[in-house]
$ cat structure-v2.tsv   # TSV, C-alpha atoms
chain	number	residue	atom	x	y	z
A	1	MET	CA	-192.26	157.75	124.16
A	2	ILE	CA	-191.75	160.42	121.49
A	3	ARG	CA	-188.40	162.21	121.47
A	4	ASP	CA	-187.83	165.62	119.89
A	5	LYS	CA	-185.03	166.33	117.44
A	6	GLY	CA	-182.70	167.57	120.15
A	7	GLU	CA	-183.00	164.34	122.11
A	8	ASN	CA	-182.46	162.24	118.96
A	9	ALA	CA	-179.31	164.18	118.13
A	10	LEU	CA	-178.07	163.77	121.69
A	11	PHE	CA	-178.62	160.00	121.61
A	12	ALA	CA	-176.88	159.75	118.23
A	13	GLN	CA	-173.91	161.68	119.62
A	14	ILE	CA	-173.71	159.36	122.64
A	15	ARG	CA	-173.84	156.27	120.44
A	16	PHE	CA	-171.05	157.63	118.26
A	17	LYS	CA	-168.86	158.33	121.29
A	18	GLU	CA	-169.43	154.81	122.54
A	19	SER	CA	-168.57	153.21	119.21
A	20	TRP	CA	-165.65	155.38	118.04
A	21	VAL	CA	-163.13	152.82	119.31
A	22	LEU	CA	-164.76	150.12	117.17
A	23	ILE	CA	-164.76	152.47	114.19
A	24	LEU	CA	-161.04	153.17	114.62
A	25	MET	CA	-160.34	149.44	114.88
A	26	ALA	CA	-162.24	148.80	111.63
A	27	ILE	CA	-160.47	151.52	109.61
A	28	PRO	CA	-157.17	149.60	109.01
A	29	GLY	CA	-159.07	146.51	107.88
A	30	LEU	CA	-161.32	148.49	105.58
A	31	ALA	CA	-158.32	150.37	104.17
A	32	TYR	CA	-156.52	147.06	103.53
A	33	PHE	CA	-159.44	145.53	101.63
A	34	PHE	CA	-160.11	148.70	99.66
A	35	THR	CA	-156.45	149.15	98.69
A	36	PHE	CA	-155.42	145.57	97.98
A	37	LYS	CA	-158.73	143.89	97.06
A	38	TYR	CA	-161.08	146.39	95.44
A	39	ILE	CA	-158.80	148.82	93.61
A	40	PRO	CA	-156.88	145.98	91.85
A	41	LEU	CA	-160.19	144.75	90.40
A	42	VAL	CA	-159.90	147.58	87.88
A	43	GLY	CA	-156.85	145.80	86.45
A	44	ASN	CA	-159.02	142.88	85.34
A	45	ILE	CA	-159.94	144.82	82.22
A	46	ILE	CA	-156.56	143.88	80.72
A	47	ALA	CA	-158.00	140.36	80.29
A	48	PHE	CA	-159.95	141.88	77.38
A	49	GLN	CA	-156.94	143.77	75.96
A	50	ASN	CA	-153.55	143.17	74.44
A	51	TYR	CA	-152.04	145.04	77.34
A	52	ASN	CA	-148.99	147.14	76.56
A	53	LEU	CA	-146.92	148.63	79.38
A	54	PHE	CA	-146.20	151.76	77.38
A	55	GLN	CA	-149.76	152.35	76.19
A	56	GLY	CA	-151.21	151.88	79.65
A	57	LEU	CA	-154.40	150.45	81.04
A	58	PHE	CA	-156.88	152.57	79.09
A	59	HIS	CA	-155.09	152.84	75.75
A	60	SER	CA	-154.15	149.24	75.01
A	61	LYS	CA	-155.91	147.48	72.14
A	62	TRP	CA	-159.20	145.77	73.00
A	63	VAL	CA	-159.47	142.16	71.85
A	64	GLY	CA	-162.67	141.01	73.58
A	65	LEU	CA	-162.70	137.34	74.54
A	66	ASP	CA	-159.66	136.31	72.49
A	67	HIS	CA	-157.55	135.41	75.53
A	68	PHE	CA	-160.31	133.24	76.97
A	69	LEU	CA	-160.65	131.41	73.65
A	70	THR	CA	-156.88	130.92	73.60
A	71	LEU	CA	-157.09	129.35	77.06
A	72	PHE	CA	-159.88	126.96	76.05
A	73	ARG	CA	-157.98	125.95	72.90
A	74	TYR	CA	-154.76	125.30	74.81
A	75	ASP	CA	-153.76	121.65	74.39
A	76	ASP	CA	-153.22	121.07	78.11
A	77	PHE	CA	-156.23	123.06	79.32
A	78	TRP	CA	-158.24	120.03	80.42
A	79	ILE	CA	-155.19	118.50	82.07
A	80	ILE	CA	-154.68	121.67	84.11
A	81	MET	CA	-158.40	121.81	84.90
A	82	ARG	CA	-158.34	118.16	86.03
A	83	ASN	CA	-155.27	118.70	88.21
A	84	SER	CA	-156.73	121.85	89.79
A	85	LEU	CA	-160.04	120.13	90.54
A	86	LYS	CA	-158.33	117.03	91.97
A	87	LEU	CA	-156.07	119.11	94.20
A	88	GLY	CA	-158.97	121.27	95.38
A	89	LEU	CA	-161.36	118.38	96.01
A	90	TYR	CA	-158.73	116.26	97.78
A	91	SER	CA	-157.75	119.24	99.92
A	92	ILE	CA	-161.38	119.74	100.97
A	93	PHE	CA	-162.08	116.04	101.50
A	94	PHE	CA	-158.96	115.35	103.57
A	95	GLY	CA	-157.77	118.77	104.70
A	96	PHE	CA	-161.03	120.44	105.74
A	97	PRO	CA	-162.10	117.90	108.43
A	98	ALA	CA	-158.58	117.65	109.92
A	99	PRO	CA	-158.68	120.89	112.02
A	100	LEU	CA	-162.20	120.06	113.19
A	101	VAL	CA	-161.17	116.59	114.38
A	102	LEU	CA	-158.07	118.00	116.08
A	103	ALA	CA	-160.13	120.71	117.80
A	104	LEU	CA	-162.54	118.09	119.14
A	105	LEU	CA	-159.64	116.01	120.45
A	106	LEU	CA	-158.02	119.03	122.11
A	107	ASN	CA	-161.35	119.99	123.63
A	108	GLU	CA	-161.57	116.57	125.27
A	109	LEU	CA	-158.09	116.93	126.76
A	110	ARG	CA	-158.54	117.92	130.43
A	111	ALA	CA	-154.87	118.17	131.48
A	112	MET	CA	-154.21	121.90	130.97
A	113	TRP	CA	-150.50	121.47	131.67
A	114	LEU	CA	-150.37	119.33	128.51
A	115	LYS	CA	-153.05	121.07	126.44
A	116	ARG	CA	-151.43	124.53	126.30
A	117	PRO	CA	-147.94	123.43	125.18
A	118	LEU	CA	-149.49	120.98	122.71
A	119	GLN	CA	-151.57	123.73	121.10
A	120	THR	CA	-148.49	125.94	120.81
A	121	MET	CA	-146.52	123.16	119.15
A	122	LEU	CA	-149.34	122.55	116.67
A	123	TYR	CA	-149.50	126.27	115.77
A	124	LEU	CA	-145.78	126.61	115.08
A	125	PRO	CA	-145.63	125.06	111.55
A	126	HIS	CA	-148.03	127.74	110.29
A	127	PHE	CA	-145.39	130.41	110.92
A	128	LEU	CA	-142.72	128.62	108.89
A	129	SER	CA	-142.37	129.81	105.30
A	130	TRP	CA	-142.90	127.32	102.51
A	131	VAL	CA	-139.23	127.74	101.57
A	132	ILE	CA	-138.25	126.28	104.94
A	133	VAL	CA	-140.96	123.60	104.88
A	134	GLY	CA	-140.07	122.71	101.30
A	135	GLY	CA	-136.41	122.31	102.19
A	136	ILE	CA	-137.21	120.16	105.22
A	137	PHE	CA	-139.53	117.76	103.39
A	138	SER	CA	-137.44	117.65	100.22
A	139	ASN	CA	-134.60	116.28	102.35
A	140	LEU	CA	-136.81	114.00	104.45
A	141	LEU	CA	-138.60	112.49	101.44
A	142	ASP	CA	-135.60	112.26	99.14
A	143	VAL	CA	-134.81	108.79	97.79
A	144	LYS	CA	-131.76	108.79	100.07
A	145	GLY	CA	-133.45	110.76	102.82
A	146	TRP	CA	-134.33	109.80	106.37
A	147	MET	CA	-137.87	108.62	105.56
A	148	ASN	CA	-136.74	106.24	102.84
A	149	GLN	CA	-133.95	104.94	105.04
A	150	MET	CA	-136.56	104.05	107.67
A	151	LEU	CA	-138.74	102.36	105.05
A	152	HIS	CA	-135.75	100.52	103.64
A	153	ASN	CA	-134.91	99.18	107.09
A	154	VAL	CA	-138.34	97.51	107.30
A	155	GLY	CA	-138.24	96.34	103.70
A	156	LEU	CA	-140.75	98.85	102.23
A	157	GLY	CA	-138.63	101.38	100.36
A	158	PRO	CA	-137.39	103.41	98.81
A	159	TYR	CA	-140.12	105.58	97.26
A	160	ASP	CA	-139.73	108.79	95.28
A	161	PHE	CA	-142.58	110.63	96.99
A	162	LEU	CA	-142.12	113.95	95.19
A	163	GLY	CA	-140.97	112.54	91.86
A	164	ASN	CA	-143.69	109.95	91.33
A	165	SER	CA	-147.01	110.93	89.76
A	166	ALA	CA	-148.83	108.33	91.86
A	167	THR	CA	-147.71	109.79	95.20
A	168	PHE	CA	-147.15	113.48	94.45
A	169	LEU	CA	-150.63	114.88	95.19
A	170	GLY	CA	-151.03	112.81	98.34
A	171	THR	CA	-147.65	113.95	99.60
A	172	VAL	CA	-148.32	117.62	98.87
A	173	ILE	CA	-151.75	117.54	100.55
A	174	SER	CA	-150.34	115.71	103.58
A	175	ILE	CA	-147.60	118.32	104.01
A	176	SER	CA	-150.17	121.12	103.72
A	177	ILE	CA	-152.35	119.49	106.40
A	178	TRP	CA	-149.34	119.12	108.70
A	179	LYS	CA	-148.47	122.79	108.29
A	180	GLU	CA	-151.94	124.31	108.73
A	181	ILE	CA	-153.92	121.88	110.89
A	182	GLY	CA	-152.97	123.57	114.16
A	183	TRP	CA	-153.77	127.06	112.89
A	184	GLY	CA	-157.09	125.86	111.49
A	185	THR	CA	-158.26	124.76	114.93
A	186	ILE	CA	-158.36	128.34	116.29
A	187	ILE	CA	-161.83	129.15	114.97
A	188	TYR	CA	-163.25	125.82	116.13
A	189	LEU	CA	-161.70	126.14	119.60
A	190	ALA	CA	-163.17	129.63	119.91
A	191	ALA	CA	-166.60	128.29	118.92
A	192	LEU	CA	-166.23	125.40	121.38
A	193	ALA	CA	-165.47	127.86	124.18
A	194	GLY	CA	-168.80	129.57	123.51
A	195	ILE	CA	-170.96	126.46	124.03
A	196	ASN	CA	-173.04	126.62	127.21
A	197	PRO	CA	-171.54	124.14	129.74
A	198	SER	CA	-174.98	123.48	131.16
A	199	LEU	CA	-175.83	121.56	128.00
A	200	TYR	CA	-173.06	119.05	128.75
A	201	GLU	CA	-174.09	118.89	132.41
A	202	ALA	CA	-177.67	118.08	131.45
A	203	ALA	CA	-176.49	115.45	128.95
A	204	THR	CA	-174.27	113.86	131.61
A	205	VAL	CA	-177.21	113.67	134.02
A	206	ASP	CA	-179.22	111.96	131.28
A	207	GLY	CA	-176.45	109.38	130.88
A	208	ALA	CA	-175.08	110.52	127.52
A	209	SER	CA	-171.54	109.33	126.72
A	210	ARG	CA	-168.80	111.69	125.54
A	211	ILE	CA	-169.29	110.49	121.96
A	212	ARG	CA	-173.02	111.14	122.20
A	213	GLN	CA	-172.41	114.62	123.62
A	214	ILE	CA	-170.07	115.44	120.74
A	215	TRP	CA	-172.63	114.22	118.22
A	216	SER	CA	-175.70	115.85	119.79
A	217	ILE	CA	-174.26	119.05	121.31
A	218	THR	CA	-170.80	119.91	120.04
A	219	LEU	CA	-171.22	119.33	116.30
A	220	PRO	CA	-174.63	121.11	116.03
A	221	SER	CA	-173.16	124.07	117.93
A	222	LEU	CA	-170.20	124.17	115.53
A	223	MET	CA	-172.35	123.82	112.41
A	224	PRO	CA	-172.52	127.57	111.56
A	225	ALA	CA	-168.71	127.85	111.65
A	226	ILE	CA	-168.31	124.59	109.72
A	227	ILE	CA	-170.69	125.69	106.97
A	228	VAL	CA	-169.11	129.13	106.53
A	229	LEU	CA	-165.57	127.74	106.40
A	230	LEU	CA	-166.62	125.00	103.97
A	231	LEU	CA	-168.29	127.50	101.66
A	232	LEU	CA	-165.17	129.66	101.64
A	233	ARG	CA	-163.08	126.60	100.74
A	234	VAL	CA	-165.46	125.72	97.90
A	235	GLY	CA	-165.25	129.27	96.54
A	236	ASN	CA	-161.46	128.85	96.31
A	237	LEU	CA	-161.64	125.33	94.84
A	238	LEU	CA	-159.38	126.11	91.87
A	239	ASP	CA	-156.87	128.05	93.97
A	240	ALA	CA	-153.70	126.24	94.95
A	241	ASN	CA	-151.05	127.36	97.40
A	242	ILE	CA	-148.67	128.76	94.79
A	243	GLU	CA	-145.69	128.86	97.15
A	244	GLN	CA	-146.14	125.21	98.07
A	245	MET	CA	-146.64	124.06	94.48
A	246	LEU	CA	-143.61	125.97	93.22
A	247	MET	CA	-141.49	124.42	95.96
A	248	PHE	CA	-142.45	120.82	95.16
A	249	LEU	CA	-143.41	120.86	91.46
A	250	ASN	CA	-140.80	119.34	89.15
A	251	PRO	CA	-140.73	118.09	85.53
A	252	LEU	CA	-141.28	114.47	86.62
A	253	VAL	CA	-144.75	115.22	88.02
A	254	ARG	CA	-145.87	118.14	85.87
A	255	ASP	CA	-148.59	115.95	84.34
A	256	VAL	CA	-150.35	115.77	87.73
A	257	GLY	CA	-148.95	118.86	89.48
A	258	GLU	CA	-149.47	121.61	86.91
A	259	VAL	CA	-152.43	123.69	88.13
A	260	PHE	CA	-153.85	127.04	87.10
A	261	ASP	CA	-151.74	128.99	89.58
A	262	THR	CA	-148.43	127.48	88.41
A	263	TYR	CA	-149.49	127.97	84.79
A	264	ILE	CA	-150.30	131.63	85.51
A	265	TYR	CA	-146.87	131.99	87.10
A	266	ARG	CA	-145.17	130.59	84.00
A	267	VAL	CA	-147.07	132.52	81.34
A	268	GLY	CA	-147.67	135.68	83.37
A	269	LEU	CA	-144.45	136.36	85.23
A	270	LEU	CA	-141.90	134.34	83.28
A	271	ASP	CA	-143.30	134.92	79.74
A	272	SER	CA	-144.80	138.38	80.47
A	273	GLN	CA	-148.20	137.48	78.96
A	274	TYR	CA	-150.07	139.75	81.33
A	275	SER	CA	-153.42	139.86	79.55
A	276	TYR	CA	-153.54	136.11	79.03
A	277	SER	CA	-152.64	135.30	82.63
A	278	THR	CA	-155.24	137.83	83.86
A	279	ALA	CA	-157.86	136.10	81.70
A	280	ILE	CA	-157.00	132.81	83.41
A	281	GLY	CA	-157.42	134.47	86.81
A	282	VAL	CA	-160.80	135.91	85.80
A	283	PHE	CA	-161.89	132.46	84.59
A	284	LYS	CA	-160.93	130.95	87.96
A	285	SER	CA	-162.81	133.67	89.83
A	286	VAL	CA	-165.98	133.15	87.77
A	287	ILE	CA	-165.91	129.40	88.40
A	288	GLY	CA	-165.35	130.03	92.12
A	289	LEU	CA	-168.27	132.49	92.26
A	290	ILE	CA	-170.59	130.02	90.52
A	291	LEU	CA	-169.60	127.18	92.86
A	292	LEU	CA	-169.96	129.40	95.94
A	293	THR	CA	-173.41	130.56	94.85
A	294	LEU	CA	-174.64	127.03	94.13
A	295	VAL	CA	-173.29	125.50	97.34
A	296	ASN	CA	-174.47	128.44	99.44
A	297	THR	CA	-178.00	128.09	98.00
A	298	LEU	CA	-177.95	124.36	98.73
A	299	SER	CA	-176.68	124.99	102.26
A	300	LYS	CA	-179.39	127.59	102.96
A	301	LYS	CA	-182.09	125.15	101.87
A	302	THR	CA	-180.74	122.17	103.84
A	303	THR	CA	-179.15	123.64	106.98
A	304	GLY	CA	-180.34	127.24	107.04
A	305	GLU	CA	-176.71	128.44	107.23
A	306	GLY	CA	-174.75	130.35	104.60
A	307	VAL	CA	-172.28	133.16	104.02
A	308	TYR	CA	-175.03	135.50	102.79
$ encode --input "structure-v2.tsv" --output "structure tokens"
Amino acid sequence: MIRDKGENALFAQIRFKESWVLILMAIPGLAYFFTFKYIPLVGNIIAFQNYNLFQGLFHSKWVGLDHFLTLFRYDDFWIIMRNSLKLGLYSIFFGFPAPLVLALLLNELRAMWLKRPLQTMLYLPHFLSWVIVGGIFSNLLDVKGWMNQMLHNVGLGPYDFLGNSATFLGTVISISIWKEIGWGTIIYLAALAGINPSLYEAATVDGASRIRQIWSITLPSLMPAIIVLLLLRVGNLLDANIEQMLMFLNPLVRDVGEVFDTYIYRVGLLDSQYSYSTAIGVFKSVIGLILLTLVNTLSKKTTGEGVY
């Protein structure tokens, strides 16, 4: 059926009236990203300058790639790169599956009187600041703390968990998992709620066990969410939780705990080397973009899922 211009305009007006609520809801989010994500990108040009506060952004001396060369020539560059990669890879290997496993376990819990309070308790650590969490675990894991007293009572302690290079990364990653595992289940639980129950009913009729149903129905249904979240984690591989690292990093473990973010904090905020620290941030972003592009391409070819 062919509509004239008047009818097309009328339909467009109706569609706008129906969607104006969604548009209003999107405005704060768009404003946030534009203000705090896109506008600050202009400041990356100081990575190619000797930035001077008094000369400003567009009048400071241009130095090209000098700051990047300084970074690559830094004696501890490869140590920092190794530490950042180890922390990122360990966090993905151990931390990424943890919310998924917990979501599957919660989904199998049928007692609602227990499930709701348990979910709430698991969410709570996410809302604690790292200052509070750092204080709690610094006391618990101290050589004379409660944990070491328990280990000493069974003849296994004491251990300096946060002052020993061999145990520092494992301890930090474990604390991060404890804090965020409950919050990370939200997306998976939402995806689980959207799976058609008739699929499970049909599988039960066919004699499939709960493990088989998880493997054949639940995990394939969660695969789009899993792939997207994994790709986002890979894109931030070199990013560490700066608050957490600053709370637990100390001179005894700097050889394994110094990562790009803590180095940026030291040279950028404490030493006021703004251009140099910005160059490090740009380097991290480029590596993250390359990794995200490669893994996304691989994911599209193997699973058909990706972030773009």
$ closest_atom_pairs --input "structure-v2.tsv" --of "segment 90-169 of chain A" --to "segment 183-187 of chain A" --cutoff "6 Å" --atoms "all atoms listed in the file" --output "Markdown table"
| residue | atom | partner | partner_atom | distance |
| --- | --- | --- | --- | --- |
| A:Pro99 | CA | A:Thr185 | CA | 4.9 |
| A:Ala103 | CA | A:Thr185 | CA | 5.3 |
| A:Tyr123 | CA | A:Trp183 | CA | 5.2 |
$ atom_distance --input "structure-v2.tsv" --atom1 "atom CA of Ala203 of chain A" --atom2 "atom CA of Leu102 of chain A"
22.6 Å
$ residues_near_point --input "structure-v2.tsv" --point "(-163.5, 129.5, 96.7)" --cutoff "9 Å" --atoms "all atoms listed in the file" --output "VMD selection string"
chain A and resid 231 to 239 285 287 to 289 291 to 292
$ residues_around --input "structure-v2.tsv" --residues "Val259 of chain A" --least-positions-apart "5" --cutoff "12 Å" --atoms "all atoms listed in the file" --output "number ranges by chain"
A: 76-88, 169, 237-242, 244-246, 249, 253-254, 264-266, 280-281, 284
$ write_last_selection --input "structure-v2.tsv" --atoms "C-alpha atoms" --output "PDB file, in the coordinates of the input"
ATOM      1  CA  ASP A  76    -153.220 121.070  78.110  1.00  0.00           C
ATOM      2  CA  PHE A  77    -156.230 123.060  79.320  1.00  0.00           C
ATOM      3  CA  TRP A  78    -158.240 120.030  80.420  1.00  0.00           C
ATOM      4  CA  ILE A  79    -155.190 118.500  82.070  1.00  0.00           C
ATOM      5  CA  ILE A  80    -154.680 121.670  84.110  1.00  0.00           C
ATOM      6  CA  MET A  81    -158.400 121.810  84.900  1.00  0.00           C
ATOM      7  CA  ARG A  82    -158.340 118.160  86.030  1.00  0.00           C
ATOM      8  CA  ASN A  83    -155.270 118.700  88.210  1.00  0.00           C
ATOM      9  CA  SER A  84    -156.730 121.850  89.790  1.00  0.00           C
ATOM     10  CA  LEU A  85    -160.040 120.130  90.540  1.00  0.00           C
ATOM     11  CA  LYS A  86    -158.330 117.030  91.970  1.00  0.00           C
ATOM     12  CA  LEU A  87    -156.070 119.110  94.200  1.00  0.00           C
ATOM     13  CA  GLY A  88    -158.970 121.270  95.380  1.00  0.00           C
ATOM     14  CA  LEU A 169    -150.630 114.880  95.190  1.00  0.00           C
ATOM     15  CA  LEU A 237    -161.640 125.330  94.840  1.00  0.00           C
ATOM     16  CA  LEU A 238    -159.380 126.110  91.870  1.00  0.00           C
ATOM     17  CA  ASP A 239    -156.870 128.050  93.970  1.00  0.00           C
ATOM     18  CA  ALA A 240    -153.700 126.240  94.950  1.00  0.00           C
ATOM     19  CA  ASN A 241    -151.050 127.360  97.400  1.00  0.00           C
ATOM     20  CA  ILE A 242    -148.670 128.760  94.790  1.00  0.00           C
ATOM     21  CA  GLN A 244    -146.140 125.210  98.070  1.00  0.00           C
ATOM     22  CA  MET A 245    -146.640 124.060  94.480  1.00  0.00           C
ATOM     23  CA  LEU A 246    -143.610 125.970  93.220  1.00  0.00           C
ATOM     24  CA  LEU A 249    -143.410 120.860  91.460  1.00  0.00           C
ATOM     25  CA  VAL A 253    -144.750 115.220  88.020  1.00  0.00           C
ATOM     26  CA  ARG A 254    -145.870 118.140  85.870  1.00  0.00           C
ATOM     27  CA  ILE A 264    -150.300 131.630  85.510  1.00  0.00           C
ATOM     28  CA  TYR A 265    -146.870 131.990  87.100  1.00  0.00           C
ATOM     29  CA  ARG A 266    -145.170 130.590  84.000  1.00  0.00           C
ATOM     30  CA  ILE A 280    -157.000 132.810  83.410  1.00  0.00           C
ATOM     31  CA  GLY A 281    -157.420 134.470  86.810  1.00  0.00           C
ATOM     32  CA  LYS A 284    -160.930 130.950  87.960  1.00  0.00           C
TER      33      LYS A 284
END
$ atom_distance --input "structure-v2.tsv" --atom1 "atom CA of Ile173 of chain A" --atom2 "atom CA of Gly95 of chain A"
7.4 Å
$ closest_residue --input "structure-v2.tsv" --among "A:Pro224, A:Pro40, A:Gly145, A:Gly257" --to "Thr167 of chain A" --atoms "all atoms listed in the file"
A:Gly257
$ decode --input "structure-v2.tsv" --residues "segment 23-44 of chain A" --atoms "N, CA and C atoms" --output "PDB file, in the first residue's frame"
ATOM      1  N   ILE A  23      13.841   7.872  24.536  1.00  0.00           N
ATOM      2  CA  ILE A  23      14.822   8.904  24.185  1.00  0.00           C
ATOM      3  C   ILE A  23      15.262   9.665  25.428  1.00  0.00           C
ATOM      4  N   LEU A  24      14.303  10.026  26.284  1.00  0.00           N
ATOM      5  CA  LEU A  24      14.639  10.728  27.519  1.00  0.00           C
ATOM      6  C   LEU A  24      15.503   9.868  28.435  1.00  0.00           C
ATOM      7  N   MET A  25      15.216   8.569  28.476  1.00  0.00           N
ATOM      8  CA  MET A  25      16.024   7.668  29.298  1.00  0.00           C
ATOM      9  C   MET A  25      17.454   7.559  28.772  1.00  0.00           C
ATOM     10  N   ALA A  26      17.636   7.666  27.462  1.00  0.00           N
ATOM     11  CA  ALA A  26      18.968   7.521  26.874  1.00  0.00           C
ATOM     12  C   ALA A  26      19.811   8.778  27.011  1.00  0.00           C
ATOM     13  N   ILE A  27      19.170   9.942  27.153  1.00  0.00           N
ATOM     14  CA  ILE A  27      19.910  11.206  27.183  1.00  0.00           C
ATOM     15  C   ILE A  27      20.960  11.254  28.300  1.00  0.00           C
ATOM     16  N   PRO A  28      20.643  10.906  29.570  1.00  0.00           N
ATOM     17  CA  PRO A  28      21.679  10.960  30.617  1.00  0.00           C
ATOM     18  C   PRO A  28      22.875  10.063  30.312  1.00  0.00           C
ATOM     19  N   GLY A  29      22.612   8.862  29.793  1.00  0.00           N
ATOM     20  CA  GLY A  29      23.707   7.962  29.453  1.00  0.00           C
ATOM     21  C   GLY A  29      24.570   8.515  28.336  1.00  0.00           C
ATOM     22  N   LEU A  30      23.930   9.047  27.296  1.00  0.00           N
ATOM     23  CA  LEU A  30      24.679   9.639  26.197  1.00  0.00           C
ATOM     24  C   LEU A  30      25.482  10.847  26.662  1.00  0.00           C
ATOM     25  N   ALA A  31      24.877  11.665  27.524  1.00  0.00           N
ATOM     26  CA  ALA A  31      25.576  12.838  28.052  1.00  0.00           C
ATOM     27  C   ALA A  31      26.789  12.422  28.880  1.00  0.00           C
ATOM     28  N   TYR A  32      26.630  11.349  29.666  1.00  0.00           N
ATOM     29  CA  TYR A  32      27.751  10.856  30.483  1.00  0.00           C
ATOM     30  C   TYR A  32      28.921  10.427  29.600  1.00  0.00           C
ATOM     31  N   PHE A  33      28.633   9.590  28.592  1.00  0.00           N
ATOM     32  CA  PHE A  33      29.708   9.098  27.735  1.00  0.00           C
ATOM     33  C   PHE A  33      30.346  10.227  26.931  1.00  0.00           C
ATOM     34  N   PHE A  34      29.536  11.163  26.464  1.00  0.00           N
ATOM     35  CA  PHE A  34      30.094  12.267  25.687  1.00  0.00           C
ATOM     36  C   PHE A  34      30.985  13.148  26.557  1.00  0.00           C
ATOM     37  N   THR A  35      30.539  13.419  27.795  1.00  0.00           N
ATOM     38  CA  THR A  35      31.268  14.331  28.671  1.00  0.00           C
ATOM     39  C   THR A  35      32.525  13.703  29.262  1.00  0.00           C
ATOM     40  N   PHE A  36      32.416  12.450  29.709  1.00  0.00           N
ATOM     41  CA  PHE A  36      33.516  11.843  30.451  1.00  0.00           C
ATOM     42  C   PHE A  36      34.325  10.824  29.646  1.00  0.00           C
ATOM     43  N   LYS A  37      33.864  10.460  28.440  1.00  0.00           N
ATOM     44  CA  LYS A  37      34.589   9.486  27.643  1.00  0.00           C
ATOM     45  C   LYS A  37      35.128  10.066  26.335  1.00  0.00           C
ATOM     46  N   TYR A  38      34.310  10.854  25.641  1.00  0.00           N
ATOM     47  CA  TYR A  38      34.726  11.333  24.330  1.00  0.00           C
ATOM     48  C   TYR A  38      35.487  12.663  24.388  1.00  0.00           C
ATOM     49  N   ILE A  39      34.979  13.621  25.145  1.00  0.00           N
ATOM     50  CA  ILE A  39      35.678  14.902  25.253  1.00  0.00           C
ATOM     51  C   ILE A  39      37.093  14.737  25.814  1.00  0.00           C
ATOM     52  N   PRO A  40      37.315  13.911  26.860  1.00  0.00           N
ATOM     53  CA  PRO A  40      38.686  13.742  27.365  1.00  0.00           C
ATOM     54  C   PRO A  40      39.662  13.141  26.361  1.00  0.00           C
ATOM     55  N   LEU A  41      39.151  12.505  25.282  1.00  0.00           N
ATOM     56  CA  LEU A  41      40.061  11.955  24.281  1.00  0.00           C
ATOM     57  C   LEU A  41      40.938  13.031  23.648  1.00  0.00           C
ATOM     58  N   VAL A  42      40.431  14.257  23.629  1.00  0.00           N
ATOM     59  CA  VAL A  42      41.220  15.361  23.073  1.00  0.00           C
ATOM     60  C   VAL A  42      42.515  15.528  23.864  1.00  0.00           C
ATOM     61  N   GLY A  43      42.457  15.258  25.170  1.00  0.00           N
ATOM     62  CA  GLY A  43      43.641  15.424  26.007  1.00  0.00           C
ATOM     63  C   GLY A  43      44.764  14.460  25.698  1.00  0.00           C
ATOM     64  N   ASN A  44      44.493  13.420  24.889  1.00  0.00           N
ATOM     65  CA  ASN A  44      45.553  12.473  24.552  1.00  0.00           C
ATOM     66  C   ASN A  44      46.659  13.093  23.711  1.00  0.00           C
TER      67      ASN A  44
END
